[in-house]
Structure formats: C-alpha cells, structure tokens
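So this one's final.pdb, PDB, C-alpha atoms:
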ATOM      1  CA  MET A   1     -28.332  18.857  -2.549
ATOM      2  CA  VAL A   2     -26.151  21.792  -1.463
ATOM      3  CA  ILE A   3     -23.641  19.373   0.080
ATOM      4  CA  MET A   4     -23.436  17.471  -3.215
ATOM      5  CA  ALA A   5     -22.734  20.704  -5.117
ATOM      6  CA  GLU A   6     -19.995  21.695  -2.637
ATOM      7  CA  ALA A   7     -18.377  18.259  -2.947
ATOM      8  CA  GLN A   8     -18.370  18.608  -6.740
ATOM      9  CA  VAL A   9     -16.718  22.038  -6.514
ATOM     10  CA  ASP A  10     -14.082  20.680  -4.101
ATOM     11  CA  ARG A  11     -13.345  17.769  -6.430
ATOM     12  CA  GLN A  12     -13.005  20.083  -9.425
ATOM     13  CA  HIS A  13     -10.690  22.367  -7.457
ATOM     14  CA  PHE A  14      -8.621  19.373  -6.336
ATOM     15  CA  MET A  15      -8.291  18.050  -9.908
ATOM     16  CA  ARG A  16      -7.413  21.505 -11.245
ATOM     17  CA  ARG A  17      -4.672  21.982  -8.626
ATOM     18  CA  PHE A  18      -3.272  18.527  -9.435
ATOM     19  CA  SER A  19      -3.170  19.380 -13.137
ATOM     20  CA  GLU A  20      -1.429  22.678 -12.400
ATOM     21  CA  ARG A  21       1.302  20.929 -10.388
ATOM     22  CA  LEU A  22       1.651  18.236 -13.043
ATOM     23  CA  THR A  23       1.966  20.596 -15.990
ATOM     24  CA  GLU A  24       4.332  22.936 -14.138
ATOM     25  CA  LEU A  25       6.620  20.032 -13.213
ATOM     26  CA  MET A  26       6.551  18.652 -16.740
ATOM     27  CA  GLN A  27       7.516  22.031 -18.173
ATOM     28  CA  GLN A  28      10.316  22.418 -15.604
ATOM     29  CA  ALA A  29      11.579  18.937 -16.513
ATOM     30  CA  GLY A  30      11.794  19.881 -20.203
ATOM     31  CA  PHE A  31       8.574  18.244 -21.386
ATOM     32  CA  GLY A  32       6.912  21.441 -22.543
ATOM     33  CA  SER A  33       5.192  21.640 -25.926
ATOM     34  CA  GLN A  34       3.766  24.487 -27.964
ATOM     35  CA  ARG A  35       1.357  22.102 -29.715
ATOM     36  CA  SER A  36      -0.522  21.028 -26.575
ATOM     37  CA  GLN A  37      -3.344  23.046 -24.999
ATOM     38  CA  MET A  38      -1.693  22.730 -21.590
ATOM     39  CA  GLY A  39       1.815  23.256 -22.938
ATOM     40  CA  VAL A  40       3.215  19.781 -22.185
ATOM     41  CA  LYS A  41       4.055  16.642 -24.151
ATOM     42  CA  ILE A  42       0.922  14.544 -23.780
ATOM     43  CA  ALA A  43       2.451  11.524 -25.542
ATOM     44  CA  LYS A  44       5.275  11.329 -22.979
ATOM     45  CA  LEU A  45       2.824  11.602 -20.071
ATOM     46  CA  ALA A  46       0.689   8.856 -21.637
ATOM     47  CA  GLU A  47       3.778   6.651 -21.976
ATOM     48  CA  VAL A  48       4.812   7.150 -18.342
ATOM     49  CA  SER A  49       1.218   6.732 -17.144
ATOM     50  CA  CYS A  50       0.569   3.648 -19.301
ATOM     51  CA  CYS A  51      -2.649   5.211 -20.504
ATOM     52  CA  SER A  52      -4.112   6.663 -23.679
ATOM     53  CA  GLN A  53      -3.177  10.136 -24.840
ATOM     54  CA  GLN A  54      -6.785  11.142 -24.331
ATOM     55  CA  MET A  55      -6.602  10.158 -20.642
ATOM     56  CA  ALA A  56      -3.218  11.865 -20.201
ATOM     57  CA  ARG A  57      -4.715  15.022 -21.726
ATOM     58  CA  ARG A  58      -7.586  14.822 -19.221
ATOM     59  CA  TYR A  59      -5.016  14.694 -16.383
ATOM     60  CA  THR A  60      -3.380  17.883 -17.649
ATOM     61  CA  LEU A  61      -6.702  19.648 -18.154
ATOM     62  CA  GLY A  62      -7.883  18.846 -14.631
ATOM     63  CA  GLU A  63     -10.716  16.648 -15.871
ATOM     64  CA  ALA A  64      -9.536  13.395 -14.300
ATOM     65  CA  LEU A  65      -7.253  12.052 -11.592
ATOM     66  CA  PRO A  66      -4.964   9.083 -12.138
ATOM     67  CA  SER A  67      -4.955   6.034  -9.895
ATOM     68  CA  ILE A  68      -2.509   5.899  -6.994
ATOM     69  CA  GLU A  69      -0.208   3.606  -8.986
ATOM     70  CA  VAL A  70      -0.117   6.077 -11.868
ATOM     71  CA  ILE A  71       0.485   9.007  -9.515
ATOM     72  CA  ASP A  72       3.389   7.066  -8.026
ATOM     73  CA  ALA A  73       4.861   6.416 -11.492
ATOM     74  CA  ILE A  74       4.485  10.060 -12.540
ATOM     75  CA  ALA A  75       5.985  11.286  -9.261
ATOM     76  CA  LYS A  76       9.021   9.039  -9.680
ATOM     77  CA  TRP A  77       9.432  10.183 -13.265
ATOM     78  CA  LEU A  78       9.275  13.849 -12.228
ATOM     79  CA  GLN A  79      11.308  13.180  -9.062
ATOM     80  CA  VAL A  80       8.833  14.532  -6.532
ATOM     81  CA  ALA A  81       6.989  13.013  -3.610
ATOM     82  CA  PRO A  82       3.707  11.378  -4.711
ATOM     83  CA  GLY A  83       1.868  13.069  -1.839
ATOM     84  CA  TRP A  84       3.050  16.475  -2.959
ATOM     85  CA  LEU A  85       2.055  15.783  -6.568
ATOM     86  CA  LEU A  86      -1.423  14.711  -5.497
ATOM     87  CA  PHE A  87      -2.105  17.101  -2.619
ATOM     88  CA  GLY A  88       0.433  19.904  -2.969
ATOM     89  CA  ASP A  89       1.551  19.614   0.660
ATOM     90  CA  PRO A  90       3.390  22.891   1.303
ATOM     91  CA  GLU A  91       5.602  21.322   3.993
ATOM     92  CA  GLU A  92       6.907  18.689   1.613
ATOM     93  CA  GLY A  93       7.415  21.121  -1.245
ATOM     94  CA  LEU A  94       9.257  19.744  -4.232
ATOM     95  CA  ALA A  95      11.267  17.335  -2.107
ATOM     96  CA  THR A  96      12.840  14.780  -4.363
ATOM     97  CA  ILE A  97      12.446  11.140  -3.622
ATOM     98  CA  ASP A  98      15.320   9.767  -1.580
ATOM     99  CA  CYS A  99      15.283   5.999  -2.021
ATOM    100  CA  HIS A 100      17.386   5.514   1.125
ATOM    101  CA  HIS A 101      14.689   7.044   3.312
ATOM    102  CA  THR A 102      11.515   5.718   1.717
ATOM    103  CA  MET A 103       9.729   2.429   2.109
ATOM    104  CA  ARG A 104       6.966   0.851   0.109
ATOM    105  CA  ILE A 105       4.686  -1.499   1.950
ATOM    106  CA  LEU A 106       1.290  -2.923   1.115
ATOM    107  CA  PRO A 107      -1.431  -1.469   3.349
ATOM    108  CA  GLU A 108      -2.558  -4.990   4.313
ATOM    109  CA  LEU A 109       0.953  -5.910   5.472
ATOM    110  CA  LEU A 110       1.327  -2.665   7.433
ATOM    111  CA  GLU A 111      -2.026  -3.308   9.095
ATOM    112  CA  TYR A 112      -0.933  -6.869   9.963
ATOM    113  CA  ILE A 113       2.314  -5.628  11.546
ATOM    114  CA  LEU A 114       0.541  -2.933  13.550
ATOM    115  CA  LEU A 115      -2.186  -5.287  14.779
ATOM    116  CA  LYS A 116       0.363  -7.909  15.793
ATOM    117  CA  SER A 117       2.493  -5.254  17.550
ATOM    118  CA  ALA A 118      -0.372  -3.650  19.463
ATOM    119  CA  PRO A 119      -0.080  -5.953  22.526
ATOM    120  CA  LEU A 120       3.551  -4.875  22.943
ATOM    121  CA  PHE A 121       2.351  -1.392  23.928
ATOM    122  CA  TYR A 122       0.753  -2.917  27.042
ATOM    123  CA  ILE A 123       3.905  -4.684  28.207
ATOM    124  CA  THR A 124       6.488  -1.930  27.876
ATOM    125  CA  LYS A 125       6.955   1.542  29.265
ATOM    126  CA  ASP A 126       9.526   2.510  26.643
ATOM    127  CA  ILE A 127       7.154   3.578  23.879
ATOM    128  CA  PRO A 128       9.804   5.346  21.733
ATOM    129  CA  GLU A 129      11.946   2.192  21.766
ATOM    130  CA  LEU A 130       8.926   0.092  20.790
ATOM    131  CA  VAL A 131       8.109   2.437  17.923
ATOM    132  CA  HIS A 132      11.714   2.126  16.706
ATOM    133  CA  PHE A 133      11.413  -1.660  16.961
ATOM    134  CA  ILE A 134       8.238  -1.652  14.845
ATOM    135  CA  MET A 135       9.828   0.707  12.311
ATOM    136  CA  ASP A 136      12.819  -1.650  12.099
ATOM    137  CA  ILE A 137      10.486  -4.571  11.371
ATOM    138  CA  ILE A 138       8.748  -2.557   8.654
ATOM    139  CA  ASN A 139      12.076  -1.498   7.165
ATOM    140  CA  ASP A 140      13.432  -5.048   7.223
ATOM    141  CA  ILE A 141      10.266  -6.500   5.693
ATOM    142  CA  THR A 142      10.322  -3.985   2.842
ATOM    143  CA  HIS A 143      13.812  -5.149   1.911
ATOM    144  CA  ILE A 144      13.185  -8.906   2.001
ATOM    145  CA  ASP A 145      12.562 -10.707  -1.257
ATOM    146  CA  ALA A 146      10.215 -13.455  -0.082
ATOM    147  CA  ASP A 147       6.668 -14.666  -0.582
ATOM    148  CA  GLU A 148       3.845 -13.317   1.566
ATOM    149  CA  LYS A 149       3.628 -16.417   3.774
ATOM    150  CA  SER A 150       7.334 -16.209   4.647
ATOM    151  CA  ILE A 151       7.109 -12.495   5.379
ATOM    152  CA  LEU A 152       4.171 -13.039   7.728
ATOM    153  CA  LYS A 153       6.148 -15.743   9.553
ATOM    154  CA  ILE A 154       9.092 -13.366   9.959
ATOM    155  CA  VAL A 155       6.801 -10.680  11.365
ATOM    156  CA  ASP A 156       5.228 -13.171  13.776
ATOM    157  CA  MET A 157       8.613 -14.447  14.953
ATOM    158  CA  SER A 158       9.968 -10.942  15.477
ATOM    159  CA  ILE A 159       7.009  -9.740  17.487
ATOM    160  CA  ASN A 160       6.640 -12.968  19.471
ATOM    161  CA  SER A 161      10.347 -12.868  20.345
ATOM    162  CA  ALA A 162      10.048  -9.297  21.583
ATOM    163  CA  ALA A 163       7.028 -10.187  23.710
ATOM    164  CA  ARG A 164       8.725 -13.295  25.106
ATOM    165  CA  PHE A 165      11.950 -11.383  25.818
ATOM    166  CA  HIS A 166      10.036  -8.711  27.734
ATOM    167  CA  VAL A 167       8.081 -11.308  29.728
ATOM    168  CA  ASP A 168      11.293 -13.256  30.502
ATOM    169  CA  ASN A 169      13.021 -10.066  31.684
ATOM    170  CA  LYS A 170      10.027  -9.100  33.792
ATOM    171  CA  ASP A 171       9.965 -12.561  35.404
ATOM    172  CA  ALA A 172      13.703 -12.364  36.112
ATOM    173  CA  ASN A 173      13.334  -8.902  37.659
ATOM    174  CA  ASP A 174      10.394 -10.102  39.777
ATOM    175  CA  GLN A 175      12.459 -13.053  41.043
ATOM    176  CA  LYS A 176      15.356 -10.741  41.935
ATOM    177  CA  LYS A 177      12.997  -8.504  43.901
ATOM    178  CA  ARG A 178      11.670 -11.501  45.852
ATOM    179  CA  LYS A 179      15.165 -12.587  46.926
TER     180      LYS A 179
END

Translate this file's structure into structure tokens.
Amino acid sequence: MVIMAEAQVDRQHFMRRFSERLTELMQQAGFGSQRSQMGVKIAKLAEVSCCSQQMARRYTLGEALPSIEVIDAIAKWLQVAPGWLLFGDPEEGLATIDCHHTMRILPELLEYILLKSAPLFYITKDIPELVHFIMDIINDITHIDADEKSILKIVDMSINSAARFHVDNKDANDQKKRK
C-alpha cells in the first residue's frame, strides 16, 4: 500500500513537471494568455494536440499526460526534443529539433533490424564498423518510401550481403594462409 502511494506521488510529480515545461515553452513561443488559469492559449494547444480544450487544459494543469504521438506533435510545434518535453532531460536542454540528424522508425522495424543484425556481431571483430553499418541501414530505411514488405526485404538483403561478404573474405583469407 505504501508502494502504491509513492507511485501515485511520483506520477503526480512527473505530470506537474511536464505541465510546467509545456506552459513555459508556450509562453516563450508567444502563446500566453491572461484568460487561462495556466497563462497559455488552451485553444491553440487543443488544435495542435488534436484533442478537446478540456483535455488540453488538463495537460497544462498537470492532471493528464498526452500520448506519445501528441507529445511528438507538441514538441515539433514548440521546436524542442520530445524527450526533453516529456522528461526534462537536463543534458538535452531546449535543443531544437534538427531534421537532418533525427530519424523516425517504428519500434517493430528497429527490433527487426537489430535481431537480424545480431549474428553479425559474432562474425566480426570491428564492432564500431558494424554499428555504423547498422546505423546506415536504419538511416536508409527511414528515408525509403516503400511498403513494409519491401522494406523488410531490403533489410534482409543488406544484412545477408554483409554476412556473406564477411564469410567470403574469411574463406579467402583462410585459403591464402594455407598456401
């Protein structure tokens, strides 16, 4: 019962801190309002969040948290990192979103790529190069406009080619050593 009470306090603190960051950013961005209890334009937040004004008001009061998709939309609108908006990461600060250095990938696709790539860690000693290879695949996949089946085929081909290339090189090196 004590653990439940502590979890509730932590959740309330988390929601309150989110609302503080949200309202501060909105005021800094010129969306302040004297008419609102929290001093921000609730109607504009509701529009950006695709929710009711009542729900937007709850976000600003620290009574509710938006979904990840809504947090992402608000963060883009206010030009901050979604993680900072949600968690207040002091290392990230108010870093604006740089579209050239960000990628959006579905968690299921990322998991697929990582699971398919895992065997490559056993066949190479150059871990940093392998990590760069995997990051390149992720970057390329996030910029391809194709259906899911085609993307999965591209991932499979990329990883299978890397595995085959390594095995072929290893076989060639082994043959050279034998001669």

Residues selected by the PyMOL selection byres ((chain A and resi 39) around 12), written as JSON, numbers by chain: {"A": [19, 20, 22, 23, 24, 25, 26, 27, 28, 30, 31, 32, 33, 34, 35, 36, 37, 38, 40, 41, 42, 57, 60, 61]}

Could you save the residues just selected, with C-alpha atoms, as a compact mmCIF listing (two decimals), in the coordinates of the input?
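Final output, saved to again.txt:
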# COMPACT_ATOMS: atom_id res chain seq x y z
CA SER A 19 -3.17 19.38 -13.14
CA GLU A 20 -1.43 22.68 -12.40
CA LEU A 22 1.65 18.24 -13.04
CA THR A 23 1.97 20.60 -15.99
CA GLU A 24 4.33 22.94 -14.14
CA LEU A 25 6.62 20.03 -13.21
CA MET A 26 6.55 18.65 -16.74
CA GLN A 27 7.52 22.03 -18.17
CA GLN A 28 10.32 22.42 -15.60
CA GLY A 30 11.79 19.88 -20.20
CA PHE A 31 8.57 18.24 -21.39
CA GLY A 32 6.91 21.44 -22.54
CA SER A 33 5.19 21.64 -25.93
CA GLN A 34 3.77 24.49 -27.96
CA ARG A 35 1.36 22.10 -29.72
CA SER A 36 -0.52 21.03 -26.58
CA GLN A 37 -3.34 23.05 -25.00
CA MET A 38 -1.69 22.73 -21.59
CA VAL A 40 3.22 19.78 -22.18
CA LYS A 41 4.06 16.64 -24.15
CA ILE A 42 0.92 14.54 -23.78
CA ARG A 57 -4.72 15.02 -21.73
CA THR A 60 -3.38 17.88 -17.65
CA LEU A 61 -6.70 19.65 -18.15

Spatial neighbours of range 149-158 of chain A, max dist 9 Å, all atoms listed in the file, sep filter under 5 positions, as a ChimeraX atom specification: /A:109,112-113,116,137-138,141,144,163

Option closest in space to Ala73 in chain A, from A:Ser49, A:Thr142, A:Gln12, A:Gln54 [counting only C-alpha atoms]: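 Counting only C-alpha atoms, the residue closest to Ala73 in chain A is A:Ser49.
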
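CA of Asp126 in chain A lies 26.7 Å from CA of Arg104 in chain A.
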
Residues within 7 Å of range 86-88 of chain A, all atoms listed in the file, excluding chain neighbours under 3 positions, as a ChimeraX atom specification: /A:18,82-83

Mind writing the picked residues with C-alpha atoms as a compact mmCIF listing (two decimals), in the coordinates of the input?
# COMPACT_ATOMS: atom_id res chain seq x y z
CA PHE A 18 -3.27 18.53 -9.44
CA PRO A 82 3.71 11.38 -4.71
CA GLY A 83 1.87 13.07 -1.84

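Separating CA of Leu115 in chain A from CA of Asp147 in chain A is a distance of 20.1 Å.
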
Pairwise distance for CA of Trp77 in chain A and CA of Arg11 in chain A, rounded to one decimal in Å: 25.0 Å

Nearest to Glu69 in chain A by atom-to-atom distance, counting all atoms listed in the file, from A:Trp84, A:Glu129, A:Cys50, A:Ala56: A:Cys50
